[in-house]
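**Student:** For reference, this is final_27.cif, and it has mmCIF, C-alpha atoms.
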```
data_run
#
loop_
_atom_site.label_atom_id
_atom_site.label_comp_id
_atom_site.auth_asym_id
_atom_site.auth_seq_id
_atom_site.Cartn_x
_atom_site.Cartn_y
_atom_site.Cartn_z
CA MET R 22 0.00 0.00 0.00
CA PRO R 23 1.51 3.36 -1.03
CA LEU R 24 2.19 5.86 1.73
CA SER R 25 -0.09 8.87 2.06
CA ASN R 26 1.33 12.29 1.26
CA LEU R 27 1.37 13.18 4.96
CA ALA R 28 3.28 9.98 5.80
CA GLN R 29 5.81 10.62 3.03
CA ARG R 30 6.14 14.22 4.15
CA SER R 31 6.71 13.18 7.77
CA ILE R 32 9.31 10.49 6.98
CA THR R 33 11.22 12.71 4.54
CA GLY R 34 11.02 15.64 6.93
CA PHE R 35 12.40 13.55 9.79
CA PHE R 36 15.47 12.29 7.95
CA PHE R 37 16.12 15.56 6.15
CA GLY R 38 15.76 17.42 9.45
CA LEU R 39 18.20 15.00 11.05
CA ILE R 40 20.79 15.82 8.40
CA ILE R 41 20.29 19.56 8.85
CA ILE R 42 20.42 19.35 12.67
CA SER R 43 23.57 17.21 12.56
CA SER R 44 25.24 19.70 10.22
CA CYS R 45 24.67 22.50 12.74
CA PHE R 46 27.02 20.72 15.17
CA ALA R 47 29.48 19.51 12.53
CA PRO R 48 32.77 21.19 11.59
CA LEU R 49 32.33 24.18 9.30
CA ILE R 50 33.82 22.37 6.29
CA TRP R 51 31.01 19.83 6.38
CA GLN R 52 28.46 22.63 6.40
CA VAL R 53 30.16 24.12 3.34
CA VAL R 54 29.99 20.77 1.53
CA LEU R 55 26.36 20.09 2.50
CA TYR R 56 25.06 23.51 1.53
CA GLY R 57 27.16 23.49 -1.61
CA ILE R 58 25.32 20.35 -2.74
CA ILE R 59 21.93 21.77 -1.74
CA MET R 60 22.78 25.02 -3.53
CA ILE R 61 23.60 23.26 -6.80
CA LEU R 62 20.41 21.17 -6.62
CA GLY R 63 18.40 24.33 -5.98
CA LEU R 64 19.89 26.10 -8.99
CA ASN R 65 19.24 23.03 -11.14
CA GLU R 66 15.56 23.17 -10.15
CA PHE R 67 15.40 26.90 -10.86
CA ILE R 68 16.88 26.38 -14.33
CA SER R 69 14.40 23.56 -14.99
CA PHE R 70 11.54 26.06 -14.50
CA PHE R 71 12.39 27.51 -17.91
CA LYS R 72 13.09 24.39 -19.97
CA GLU R 73 9.72 24.64 -21.71
CA ASN R 74 9.70 28.44 -21.71
CA LYS R 75 10.65 30.03 -25.03
CA SER R 76 10.79 33.56 -23.62
CA VAL R 77 13.65 32.80 -21.21
CA GLN R 78 16.57 30.66 -22.35
CA LEU R 79 19.20 30.32 -19.64
CA ASP R 80 22.81 29.34 -20.18
CA SER R 81 23.02 26.62 -17.54
CA ILE R 82 26.81 26.22 -17.83
CA SER R 83 27.32 29.92 -17.09
CA ALA R 84 24.90 29.70 -14.17
CA TYR R 85 26.68 26.74 -12.53
CA PHE R 86 30.10 28.28 -13.21
CA LEU R 87 29.14 31.63 -11.70
CA GLN R 88 27.41 30.11 -8.68
CA GLY R 89 30.22 27.64 -7.95
CA LEU R 90 33.03 30.16 -8.33
CA ILE R 91 31.38 32.78 -6.10
CA TYR R 92 30.63 30.08 -3.53
CA LEU R 93 34.25 28.94 -3.47
CA ILE R 94 35.60 32.49 -3.23
CA ILE R 95 33.31 33.57 -0.38
CA SER R 96 33.40 30.29 1.58
CA SER R 97 37.21 30.27 1.43
CA THR R 98 37.24 33.49 3.48
CA PHE R 99 35.76 31.48 6.38
CA PHE R 100 38.92 29.35 6.55
CA PHE R 101 41.80 31.52 5.28
CA GLU R 102 43.05 35.03 5.94
CA ILE R 103 42.06 36.59 2.63
CA ASP R 104 42.00 40.32 1.97
CA ILE R 105 38.31 41.13 1.62
CA ALA R 106 39.16 43.45 -1.29
CA LEU R 107 40.20 40.43 -3.34
CA THR R 108 36.64 39.09 -3.23
CA TRP R 109 35.67 41.96 -5.52
CA VAL R 110 37.01 39.75 -8.32
CA ILE R 111 33.43 38.44 -8.28
CA VAL R 112 32.28 41.61 -10.09
CA PRO R 113 34.37 41.17 -13.29
CA ILE R 114 33.43 37.48 -13.26
CA ILE R 115 29.75 38.45 -13.30
CA PHE R 116 30.36 40.86 -16.17
CA LEU R 117 32.16 38.14 -18.14
CA VAL R 118 29.12 35.90 -17.73
CA ILE R 119 26.86 38.72 -18.91
CA ILE R 120 29.03 39.44 -21.97
CA ASN R 121 28.59 35.79 -22.96
CA GLU R 122 25.16 36.80 -24.35
CA LEU R 123 26.99 38.38 -27.31
CA TRP R 124 27.98 34.93 -28.57
CA ARG R 125 24.78 33.11 -27.69
CA ASN R 126 22.79 35.15 -30.25
CA ILE R 127 19.48 34.32 -28.56
CA GLY R 128 16.44 36.58 -28.18
CA ASN R 129 15.60 38.50 -24.98
CA PRO R 130 19.19 38.87 -23.70
CA ILE R 131 18.20 41.25 -20.87
CA LEU R 132 15.53 38.82 -19.66
CA ASN R 133 17.97 35.90 -19.94
CA VAL R 134 20.71 37.67 -17.97
CA SER R 135 18.45 39.11 -15.27
CA THR R 136 16.75 35.75 -14.73
CA LEU R 137 20.09 33.93 -14.58
CA LEU R 138 21.57 36.40 -12.08
CA PHE R 139 18.45 36.26 -9.93
CA GLY R 140 18.47 32.45 -9.94
CA VAL R 141 22.15 32.33 -8.95
CA GLY R 142 21.68 34.89 -6.18
CA TYR R 143 18.46 33.34 -4.91
CA THR R 144 20.07 29.90 -4.51
CA LEU R 145 23.50 31.15 -3.39
CA ILE R 146 23.38 34.13 -1.02
CA PRO R 147 21.11 32.61 1.68
CA PHE R 148 23.33 29.51 1.97
CA LEU R 149 26.46 31.63 2.33
CA MET R 150 24.68 33.50 5.12
CA ILE R 151 23.76 30.20 6.82
CA ILE R 152 27.42 29.13 6.76
CA SER R 153 28.42 32.54 8.09
CA LEU R 154 25.97 32.07 10.97
CA GLY R 155 27.52 28.66 11.58
CA LYS R 156 30.97 30.23 11.80
CA LEU R 157 29.60 32.90 14.12
CA SER R 158 28.24 30.21 16.45
CA ILE R 159 31.61 28.44 16.45
CA ASP R 160 33.58 31.66 17.06
CA LYS R 161 31.25 32.70 19.89
CA GLN R 162 31.27 29.14 21.27
CA VAL R 163 27.48 29.10 21.39
CA ASN R 164 26.24 25.76 22.73
CA PHE R 165 23.02 25.93 20.67
CA PRO R 166 23.92 27.06 17.13
CA LEU R 167 22.16 30.15 15.79
CA VAL R 168 21.37 28.33 12.54
CA LEU R 169 19.60 25.57 14.44
CA GLY R 170 17.56 28.13 16.37
CA MET R 171 16.50 29.70 13.09
CA TYR R 172 15.52 26.32 11.65
CA VAL R 173 13.52 25.45 14.79
CA LEU R 174 11.52 28.68 14.44
CA ILE R 175 10.91 28.14 10.72
CA TRP R 176 9.89 24.50 11.18
CA THR R 177 7.61 25.41 14.07
CA ASN R 178 5.87 28.03 11.96
CA ASP R 179 5.59 25.68 8.99
CA THR R 180 4.24 22.76 11.05
CA PHE R 181 1.70 24.63 13.14
CA ALA R 182 0.56 26.85 10.27
CA TYR R 183 -0.19 23.63 8.36
CA PHE R 184 -2.14 21.97 11.15
CA SER R 185 -3.88 25.16 12.30
CA GLY R 186 -4.99 25.80 8.75
CA ARG R 187 -6.05 22.20 8.26
CA PHE R 188 -8.29 22.10 11.36
CA PHE R 189 -9.43 25.71 11.68
CA GLY R 190 -8.73 27.36 8.33
CA LYS R 191 -11.66 29.19 6.72
CA ASN R 192 -10.42 32.55 5.46
CA PRO R 193 -7.92 32.46 2.56
CA LEU R 194 -4.70 34.37 3.10
CA PHE R 195 -3.65 34.81 -0.53
CA SER R 196 -6.04 32.79 -2.69
CA ARG R 197 -4.60 34.11 -5.96
CA ILE R 198 -1.24 32.47 -5.21
CA SER R 199 -1.85 29.74 -2.62
CA PRO R 200 -5.53 28.82 -2.15
CA LYS R 201 -4.86 26.42 0.75
CA LYS R 202 -3.18 28.99 3.00
CA THR R 203 -5.50 30.67 5.48
CA TRP R 204 -5.38 33.45 8.05
CA GLU R 205 -6.14 30.95 10.78
CA GLY R 206 -3.15 28.84 9.78
CA THR R 207 -0.93 31.90 9.56
CA ILE R 208 -1.93 33.13 13.02
CA GLY R 209 -1.51 29.64 14.49
CA GLY R 210 2.00 29.42 13.05
CA VAL R 211 3.00 32.82 14.42
CA VAL R 212 1.61 32.11 17.91
CA PHE R 213 3.38 28.76 18.26
CA THR R 214 6.61 30.21 16.85
CA ILE R 215 6.57 32.92 19.52
CA GLY R 216 5.94 30.24 22.16
CA VAL R 217 8.88 28.13 21.00
CA SER R 218 11.12 31.21 20.85
CA LEU R 219 10.68 31.66 24.59
CA ILE R 220 11.75 28.05 25.13
CA LEU R 221 14.90 28.67 23.07
CA VAL R 222 16.03 31.23 25.65
CA ALA R 223 16.96 28.35 27.97
CA THR R 224 19.35 26.93 25.34
CA THR R 225 21.65 29.91 24.90
CA LYS R 226 23.17 32.09 27.61
CA GLU R 227 24.41 34.60 25.04
CA PHE R 228 20.95 35.48 23.74
CA SER R 229 18.13 36.95 25.80
CA TYR R 230 14.34 36.80 25.65
CA SER R 231 14.35 39.89 23.46
CA PHE R 232 16.64 38.27 20.89
CA TRP R 233 14.54 35.13 20.44
CA LEU R 234 11.22 36.98 20.65
CA VAL R 235 12.23 39.42 17.92
CA SER R 236 13.66 36.47 15.97
CA ALA R 237 10.24 34.80 16.09
CA LEU R 238 8.50 38.00 15.00
CA ILE R 239 10.94 38.22 12.07
CA THR R 240 11.02 34.53 11.18
CA ALA R 241 7.29 33.71 11.13
CA PRO R 242 6.18 36.35 8.58
CA SER R 243 9.39 35.93 6.56
CA ALA R 244 8.80 32.17 6.31
CA ILE R 245 5.21 32.74 5.17
CA LEU R 246 6.28 35.30 2.56
CA GLY R 247 9.05 33.00 1.33
CA ASP R 248 6.54 30.20 0.87
CA LEU R 249 4.19 32.51 -1.03
CA LEU R 250 7.03 33.82 -3.20
CA GLU R 251 8.03 30.30 -4.22
CA SER R 252 4.38 29.54 -5.02
CA LEU R 253 4.26 32.69 -7.17
CA PHE R 254 7.37 31.60 -9.08
CA LYS R 255 5.94 28.13 -9.74
CA ARG R 256 2.58 29.49 -10.85
CA SER R 257 4.28 31.89 -13.25
CA VAL R 258 5.94 28.96 -15.06
CA ASN R 259 3.03 26.50 -14.57
CA VAL R 260 4.97 24.12 -12.31
CA LYS R 261 3.43 22.28 -9.34
CA ASP R 262 6.67 21.30 -7.58
CA SER R 263 10.22 22.50 -8.12
CA GLY R 264 11.38 18.86 -8.21
CA SER R 265 10.81 15.37 -6.83
CA ILE R 266 14.01 14.67 -4.90
CA LEU R 267 12.21 14.88 -1.53
CA PRO R 268 9.11 12.61 -1.42
CA GLY R 269 6.12 14.42 0.08
CA HIS R 270 7.85 17.78 -0.18
CA GLY R 271 8.82 18.07 -3.83
CA GLY R 272 12.17 19.61 -4.57
CA ILE R 273 14.91 21.46 -2.74
CA LEU R 274 13.32 24.84 -3.46
CA ASP R 275 9.99 23.55 -2.12
CA ARG R 276 11.68 22.56 1.13
CA PHE R 277 13.85 25.66 1.46
CA ASP R 278 11.36 28.27 0.21
CA ALA R 279 10.81 29.69 3.70
CA VAL R 280 14.50 29.42 4.60
CA LEU R 281 15.76 31.28 1.52
CA PHE R 282 13.62 34.31 2.31
CA THR R 283 14.08 34.22 6.09
CA VAL R 284 17.87 33.86 6.31
CA PRO R 285 18.80 37.43 5.23
CA PHE R 286 16.51 38.97 7.88
CA PHE R 287 17.58 36.58 10.64
CA TYR R 288 21.24 37.01 9.69
CA PHE R 289 21.26 40.81 9.92
CA TRP R 290 19.17 40.79 13.08
CA SER R 291 21.72 38.42 14.70
CA LEU R 292 24.63 40.65 13.69
CA PHE R 293 22.83 43.78 14.88
CA TYR R 294 22.03 42.16 18.22
CA LEU R 295 25.59 40.93 18.81
CA HIS R 296 27.26 44.20 17.79
CA TYR R 297 24.90 46.82 19.21
CA ILE R 298 22.75 45.21 21.92
CA ALA R 299 24.64 42.33 23.51
CA SER R 300 28.04 44.07 23.43
#
```
Using the file provided, produce a representation of the structure as structure tokens.

**Tutor:**
Amino acid sequence: MPLSNLAQRSITGFFFGLIIISSCFAPLIWQVVLYGIIMILGLNEFISFFKENKSVQLDSISAYFLQGLIYLIISSTFFFEIDIALTWVIVPIIFLVIINELWRNIGNPILNVSTLLFGVGYTLIPFLMIISLGKLSIDKQVNFPLVLGMYVLIWTNDTFAYFSGRFFGKNPLFSRISPKKTWEGTIGGVVFTIGVSLILVATTKEFSYSFWLVSALITAPSAILGDLLESLFKRSVNVKDSGSILPGHGGILDRFDAVLFTVPFFYFWSLFYLHYIAS
């Protein structure tokens, strides 16, 4: 008997969550490897959005080259003493990728380039920020990694928004983009996320109630917006799931939609707190 979607989702979520949680306590190099793989899979799914689209024709080789090279350059600064000015080599590399459109001789070059650069940035920058948060946790000797705290808040919001919406949902949140999401589910997710944030206070001496409470207030709406944004992207290219690598969840972008949008806000809030509030 085939497993129900909820059963598949639960089993996949458990093992995938186990990998993510383990990585939070692993040496930084393993985090770089793990997120490098996830990043490449995410970009592959993004590129696949446009395989049947004649208006946008992406140069996949340029996309992988640009993403991989930037990832190597930035992630190397976490391990070696590299003059930050040297990382500006990324800019001429980006321009070289753009100039490649001269030889491709394909219509809509501006649309092709802008879509490619967005796809690379969308699947690259958040993961670099996650690794940076991992390094921050190691440098500060935090016993409960910041990245794990962020994931706990996102997963709490995702889980309780789903069940709150399933049992109590009546009023659509954004029916044009995601008909199944409701205000009741959204509110349920936010409330439980705030509750869990107060529990997280007991895990880290370095971060107070105010840090985790504000983190919850940032994370919950960001996760919801990230989910909606991914749904908007998929609707615009008539795709149901970004992929099928994760049974019950779809693809990497389906699983990380909330994370990709939340990370930048959580990252800068963490830096602001450590530099201007906790210091």

**Student:** For Phe71 of chain R, which residue among R:Phe282, R:Leu132, R:Asp179, R:Ile208 is the nearest when counting only C-alpha atoms?

**Tutor:** R:Leu132

**Student:** Can you list, as a list in words, every protein, DNA or RNA residue that comes within 9 Å of segment 215-231 of chain R when you count all atoms listed in the file, leaving out same-chain residues fewer than 5 positions away?

**Tutor:**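 Contacts, in chain order: Lys161, Val163, Asn164, Phe165, Pro166, Gly170, Val173, Leu174, Thr177, Gly210, Ser236, Ala237, Leu238, Ala241, Tyr294, Leu295 and Ala299 of chain R.
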
**Student:** Filtering to C-alpha atoms, could you give me those residues as a PDB file, keeping the file's coordinate frame?

**Tutor:**
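Once written, part03.pdb looks like this:
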```
ATOM      1  CA  LYS R 161      31.250  32.700  19.890  1.00  0.00           C
ATOM      2  CA  VAL R 163      27.480  29.100  21.390  1.00  0.00           C
ATOM      3  CA  ASN R 164      26.240  25.760  22.730  1.00  0.00           C
ATOM      4  CA  PHE R 165      23.020  25.930  20.670  1.00  0.00           C
ATOM      5  CA  PRO R 166      23.920  27.060  17.130  1.00  0.00           C
ATOM      6  CA  GLY R 170      17.560  28.130  16.370  1.00  0.00           C
ATOM      7  CA  VAL R 173      13.520  25.450  14.790  1.00  0.00           C
ATOM      8  CA  LEU R 174      11.520  28.680  14.440  1.00  0.00           C
ATOM      9  CA  THR R 177       7.610  25.410  14.070  1.00  0.00           C
ATOM     10  CA  GLY R 210       2.000  29.420  13.050  1.00  0.00           C
ATOM     11  CA  SER R 236      13.660  36.470  15.970  1.00  0.00           C
ATOM     12  CA  ALA R 237      10.240  34.800  16.090  1.00  0.00           C
ATOM     13  CA  LEU R 238       8.500  38.000  15.000  1.00  0.00           C
ATOM     14  CA  ALA R 241       7.290  33.710  11.130  1.00  0.00           C
ATOM     15  CA  TYR R 294      22.030  42.160  18.220  1.00  0.00           C
ATOM     16  CA  LEU R 295      25.590  40.930  18.810  1.00  0.00           C
ATOM     17  CA  ALA R 299      24.640  42.330  23.510  1.00  0.00           C
TER      18      ALA R 299
END
```

**Student:** Restricting the calculation to only C-alpha atoms, which member of R:Thr108, R:Asn121, R:Ser185, R:Thr180 is positioned closest to Gly34 of chain R?

**Tutor:** R:Thr180

**Student:** Using the chain letters and numbering of this document, enumerate as a PDB file with C-alpha atoms, keeping the file's coordinate frame the residues selected by the PyMOL selection byres ((chain R and resi 35-51) around 9).

**Tutor:**
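Written out: expr-v2.pdb:
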```
ATOM      1  CA  ARG R  30       6.140  14.220   4.150  1.00  0.00           C
ATOM      2  CA  SER R  31       6.710  13.180   7.770  1.00  0.00           C
ATOM      3  CA  ILE R  32       9.310  10.490   6.980  1.00  0.00           C
ATOM      4  CA  THR R  33      11.220  12.710   4.540  1.00  0.00           C
ATOM      5  CA  GLY R  34      11.020  15.640   6.930  1.00  0.00           C
ATOM      6  CA  GLN R  52      28.460  22.630   6.400  1.00  0.00           C
ATOM      7  CA  VAL R  53      30.160  24.120   3.340  1.00  0.00           C
ATOM      8  CA  VAL R  54      29.990  20.770   1.530  1.00  0.00           C
ATOM      9  CA  LEU R  55      26.360  20.090   2.500  1.00  0.00           C
ATOM     10  CA  TYR R  56      25.060  23.510   1.530  1.00  0.00           C
ATOM     11  CA  PHE R  99      35.760  31.480   6.380  1.00  0.00           C
ATOM     12  CA  PHE R 100      38.920  29.350   6.550  1.00  0.00           C
ATOM     13  CA  ILE R 152      27.420  29.130   6.760  1.00  0.00           C
ATOM     14  CA  GLY R 155      27.520  28.660  11.580  1.00  0.00           C
ATOM     15  CA  LYS R 156      30.970  30.230  11.800  1.00  0.00           C
ATOM     16  CA  ILE R 159      31.610  28.440  16.450  1.00  0.00           C
ATOM     17  CA  PHE R 165      23.020  25.930  20.670  1.00  0.00           C
ATOM     18  CA  PRO R 166      23.920  27.060  17.130  1.00  0.00           C
ATOM     19  CA  LEU R 167      22.160  30.150  15.790  1.00  0.00           C
ATOM     20  CA  VAL R 168      21.370  28.330  12.540  1.00  0.00           C
ATOM     21  CA  LEU R 169      19.600  25.570  14.440  1.00  0.00           C
ATOM     22  CA  TYR R 172      15.520  26.320  11.650  1.00  0.00           C
ATOM     23  CA  LEU R 267      12.210  14.880  -1.530  1.00  0.00           C
TER      24      LEU R 267
END
```

**Student:** Given the point (12.6, 21.2, -4.5) in the coordinates of this file, which residues lie within 10 Å, counting all atoms listed in the file, and how would they look as an NGL selection string?

**Tutor:** :R and (59 or 62-67 or 262-268 or 270-278)

**Student:** Kindly export the residues of the current selection with C-alpha atoms, as a PDB file, keeping the file's coordinate frame.

**Tutor:**
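The result, stored in result-v1.pdb:
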```pdb
ATOM      1  CA  ILE R  59      21.930  21.770  -1.740  1.00  0.00           C
ATOM      2  CA  LEU R  62      20.410  21.170  -6.620  1.00  0.00           C
ATOM      3  CA  GLY R  63      18.400  24.330  -5.980  1.00  0.00           C
ATOM      4  CA  LEU R  64      19.890  26.100  -8.990  1.00  0.00           C
ATOM      5  CA  ASN R  65      19.240  23.030 -11.140  1.00  0.00           C
ATOM      6  CA  GLU R  66      15.560  23.170 -10.150  1.00  0.00           C
ATOM      7  CA  PHE R  67      15.400  26.900 -10.860  1.00  0.00           C
ATOM      8  CA  ASP R 262       6.670  21.300  -7.580  1.00  0.00           C
ATOM      9  CA  SER R 263      10.220  22.500  -8.120  1.00  0.00           C
ATOM     10  CA  GLY R 264      11.380  18.860  -8.210  1.00  0.00           C
ATOM     11  CA  SER R 265      10.810  15.370  -6.830  1.00  0.00           C
ATOM     12  CA  ILE R 266      14.010  14.670  -4.900  1.00  0.00           C
ATOM     13  CA  LEU R 267      12.210  14.880  -1.530  1.00  0.00           C
ATOM     14  CA  PRO R 268       9.110  12.610  -1.420  1.00  0.00           C
ATOM     15  CA  HIS R 270       7.850  17.780  -0.180  1.00  0.00           C
ATOM     16  CA  GLY R 271       8.820  18.070  -3.830  1.00  0.00           C
ATOM     17  CA  GLY R 272      12.170  19.610  -4.570  1.00  0.00           C
ATOM     18  CA  ILE R 273      14.910  21.460  -2.740  1.00  0.00           C
ATOM     19  CA  LEU R 274      13.320  24.840  -3.460  1.00  0.00           C
ATOM     20  CA  ASP R 275       9.990  23.550  -2.120  1.00  0.00           C
ATOM     21  CA  ARG R 276      11.680  22.560   1.130  1.00  0.00           C
ATOM     22  CA  PHE R 277      13.850  25.660   1.460  1.00  0.00           C
ATOM     23  CA  ASP R 278      11.360  28.270   0.210  1.00  0.00           C
TER      24      ASP R 278
END
```

**Student:** For a test of reading the model, state the distance in Å between atom CA of Ile175 of chain R and atom CA of Ala84 of chain R, rounded to one decimal.

**Tutor:**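 Rounded to one decimal, the two atoms are 28.6 Å apart.
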
**Student:** Report the distance between atom CA of Leu250 of chain R and atom CA of Val280 of chain R in Å, rounded to one decimal place.

**Tutor:**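 That distance, rounded to one decimal, is 11.7 Å.
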
**Student:** One decimal, Å: what's the distance from atom CA of Lys201 of chain R over to atom CA of Leu253 of chain R, could you say?

**Tutor:**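 Distance between the two atoms: 13.6 Å.
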
**Student:** Using all atoms listed in the file, which of the listed residues (R:Ser69, R:Ser153, R:Asn129, R:Ser76) sits closest to Ser97 of chain R?

**Tutor:** R:Ser153

**Student:** Give the answer as one residue: which of R:Arg125, R:Leu87, R:Phe213, R:Ile58 has the shortest atom-to-atom distance to Pro113 of chain R, using all atoms listed in the file?

**Tutor:**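 The shortest atom-to-atom distance to Pro113 of chain R comes from R:Leu87.
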
**Student:** Closest to Ser291 of chain R among R:Val112, R:Ala28, R:Leu157, R:Ile105, using all atoms listed in the file?

**Tutor:**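 Answer, going by the shortest atom-to-atom distance: R:Leu157.
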
**Student:** Report as number ranges by chain the full result of the PyMOL selection byres ((chain R and resi 130) around 12) when it is applied to this structure.

**Tutor:** R: 76-80, 118-129, 131-137

**Student:** Nearest residue to Thr214 of chain R out of R:Pro242, R:Pro147, R:Gly89, R:Gly140, using all atoms listed in the file?

**Tutor:** R:Pro242

**Student:** Which residues, named as in the file, does the PyMOL selection byres ((chain R and resi 186-191) around 6) pick out? Answer as an MDAnalysis selection string.

**Tutor:** chainID R and resid 182:185 192 203 205:206

**Student:** Once you have the residues from the selection above, write them out as a PDB file, in the frame of the given file, restricted to C-alpha atoms.

**Tutor:**
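In the end it all went to out-v2.pdb:
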```
ATOM      1  CA  ALA R 182       0.560  26.850  10.270  1.00  0.00           C
ATOM      2  CA  TYR R 183      -0.190  23.630   8.360  1.00  0.00           C
ATOM      3  CA  PHE R 184      -2.140  21.970  11.150  1.00  0.00           C
ATOM      4  CA  SER R 185      -3.880  25.160  12.300  1.00  0.00           C
ATOM      5  CA  ASN R 192     -10.420  32.550   5.460  1.00  0.00           C
ATOM      6  CA  THR R 203      -5.500  30.670   5.480  1.00  0.00           C
ATOM      7  CA  GLU R 205      -6.140  30.950  10.780  1.00  0.00           C
ATOM      8  CA  GLY R 206      -3.150  28.840   9.780  1.00  0.00           C
TER       9      GLY R 206
END
```
